[in-house]
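Structure file structure11.cif with mmCIF, C-alpha atoms:
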```
data_my_file
loop_
_atom_site.label_atom_id
_atom_site.label_comp_id
_atom_site.auth_asym_id
_atom_site.auth_seq_id
_atom_site.Cartn_x
_atom_site.Cartn_y
_atom_site.Cartn_z
CA TRP A 1 93.53 82.19 104.78
CA GLU A 2 93.59 82.12 108.55
CA VAL A 3 94.50 85.50 110.04
CA HIS A 4 96.03 86.08 113.47
CA THR A 5 96.62 89.47 115.03
CA ALA A 6 99.12 90.53 117.67
CA LEU A 7 99.26 93.35 120.18
CA GLY A 8 102.86 94.16 119.26
CA ALA A 9 106.23 92.73 118.33
CA ALA A 10 106.71 90.54 121.41
CA ASP A 11 103.22 89.04 121.07
CA ALA A 12 103.72 88.34 117.35
CA LEU A 13 107.08 86.64 117.93
CA ALA A 14 105.63 84.53 120.75
CA GLN A 15 102.74 83.44 118.53
CA ALA A 16 105.12 82.56 115.70
CA ASP A 17 107.30 80.58 118.11
CA ASP A 18 104.26 78.55 119.20
CA ALA A 19 103.11 77.81 115.65
CA PRO A 20 105.18 79.34 112.82
CA PHE A 21 103.22 81.29 110.23
CA ASP A 22 103.49 81.05 106.46
CA THR A 23 103.38 84.86 106.21
CA LEU A 24 104.07 87.69 108.61
CA ILE A 25 102.73 91.14 107.74
CA ALA A 26 104.10 94.00 109.79
CA ASP A 27 103.08 97.60 109.81
CA GLY A 28 105.91 100.11 109.76
CA ARG A 29 104.98 101.07 113.30
CA VAL A 30 105.06 97.78 115.20
CA ALA A 31 104.41 98.35 118.90
CA GLY A 32 107.38 97.68 121.13
CA MET A 33 110.13 97.40 118.49
CA ALA A 34 111.27 99.06 115.27
CA CYS A 35 109.72 97.25 112.32
CA ASP A 36 113.06 96.39 110.73
CA GLU A 37 114.34 94.95 114.04
CA PHE A 38 111.12 92.96 114.42
CA LEU A 39 111.41 91.49 110.92
CA LEU A 40 115.09 90.73 111.43
CA GLU A 41 114.28 88.78 114.60
CA ALA A 42 111.40 87.01 112.83
CA ARG A 43 113.77 86.05 109.99
CA ARG A 44 116.34 84.75 112.49
CA ARG A 45 113.75 82.60 114.27
CA HIS A 46 111.69 81.52 111.25
CA PRO A 47 113.66 81.95 108.00
CA GLN A 48 110.99 80.23 105.86
CA THR A 49 108.25 82.67 106.87
CA VAL A 50 107.45 85.24 104.19
CA ARG A 51 107.88 88.74 105.65
CA ILE A 52 105.88 91.65 104.24
CA ALA A 53 106.23 95.19 105.58
CA LEU A 54 103.71 98.01 105.17
CA ALA A 55 105.36 101.43 105.08
CA GLY A 56 103.51 104.71 105.13
CA PRO A 57 104.43 108.18 104.02
CA GLY A 58 106.94 109.72 106.39
CA GLU A 59 108.68 106.40 106.98
CA GLN A 60 111.21 106.93 104.18
CA GLY A 61 114.23 106.44 106.44
CA GLN A 62 112.90 103.13 107.64
CA LEU A 63 112.05 102.05 104.10
CA ILE A 64 115.68 101.35 103.24
CA ARG A 65 116.11 99.21 106.35
CA LEU A 66 112.87 97.32 105.64
CA VAL A 67 113.97 96.36 102.13
CA ALA A 68 116.91 94.49 103.69
CA VAL A 69 114.76 92.29 105.96
CA ALA A 70 111.37 91.97 104.23
CA ASN A 71 110.54 89.83 101.24
CA ARG A 72 108.27 92.63 100.07
CA VAL A 73 107.61 96.21 101.15
CA ILE A 74 104.27 97.77 100.25
CA ALA A 75 103.80 101.52 100.37
CA LYS A 76 100.64 102.80 102.07
CA PRO A 77 98.05 103.60 101.00
CA PHE A 78 97.49 100.66 98.69
CA GLY A 79 94.56 99.16 96.81
CA PRO A 80 92.43 96.24 98.05
CA ASP A 81 94.13 93.66 95.82
CA GLU A 82 97.73 94.67 96.43
CA LEU A 83 98.30 92.88 99.74
CA PRO A 84 96.73 89.53 98.75
CA ASN A 85 98.60 89.64 95.44
CA ALA A 86 101.88 90.37 97.25
CA VAL A 87 101.33 87.38 99.54
CA ARG A 88 100.63 85.10 96.58
CA ARG A 89 103.68 86.35 94.65
CA ALA A 90 106.00 86.02 97.64
CA HIS A 91 104.88 82.44 98.24
CA SER A 92 105.22 81.47 94.60
CA LEU A 93 108.80 82.82 94.59
CA ARG A 94 109.59 81.06 97.87
CA ASP A 95 108.15 77.75 96.64
#
```
As structure tokens - that is how I would like this structure written.
Amino acid sequence: WEVHTALGAADALAQADDAPFDTLIADGRVAGMACDEFLLEARRRHPQTVRIALAGPGEQGQLIRLVAVANRVIAKPFGPDELPNAVRRAHSLRD
């Protein structure tokens, strides 16, 4: 897998516009934009991109909104295999 990082929501969207990603993983605290708004905009621009959100304790209110715009929401903390497995499962369902 090739991994790209972004400094915040605007940077991530700009990178995806330049070369769409297969998967977008967003932390619940994306700089510059609420995570659910960021994923909604990513879905609007790139509907085929798999969207995974990472939500930590204390982000319960946002969790409901994330479920509506992410293909998968993973609660933090999580084990070392959970994220790669979630990416694989999301792509197998998409394909």
Long-range neighbours of Pro57 (chain A) as a ChimeraX atom specification, 12 Å cut-off, only C-alpha atoms, 6 positions minimum in chain: /A:28-29,63,74-78
For CA of Arg89 (chain A) and CA of Ala42 (chain A), the interatomic separation in Å (one decimal): 19.8 Å
Neighbours of point (108.5, 89.3, 115.8) within 8 Å, using all atoms listed in the file, written as JSON, numbers by chain: {"A": [9, 10, 11, 12, 13, 14, 16, 38, 39, 41, 42]}
CA of Gln15 (chain A) to CA of Ile64 (chain A), distance in Å rounded to a single decimal: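 Value for the CA of Gln15 (chain A)-CA of Ile64 (chain A) distance: 26.9 Å.
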Gap from CA of Arg51 (chain A) to CA of Pro80 (chain A) - Å, one decimal: 18.8 Å
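Proximity ranking of A:Arg72, A:Leu66, A:Leu7, A:Pro84 relative to Gly32 (chain A) places A:Leu7 first, based on only C-alpha atoms.
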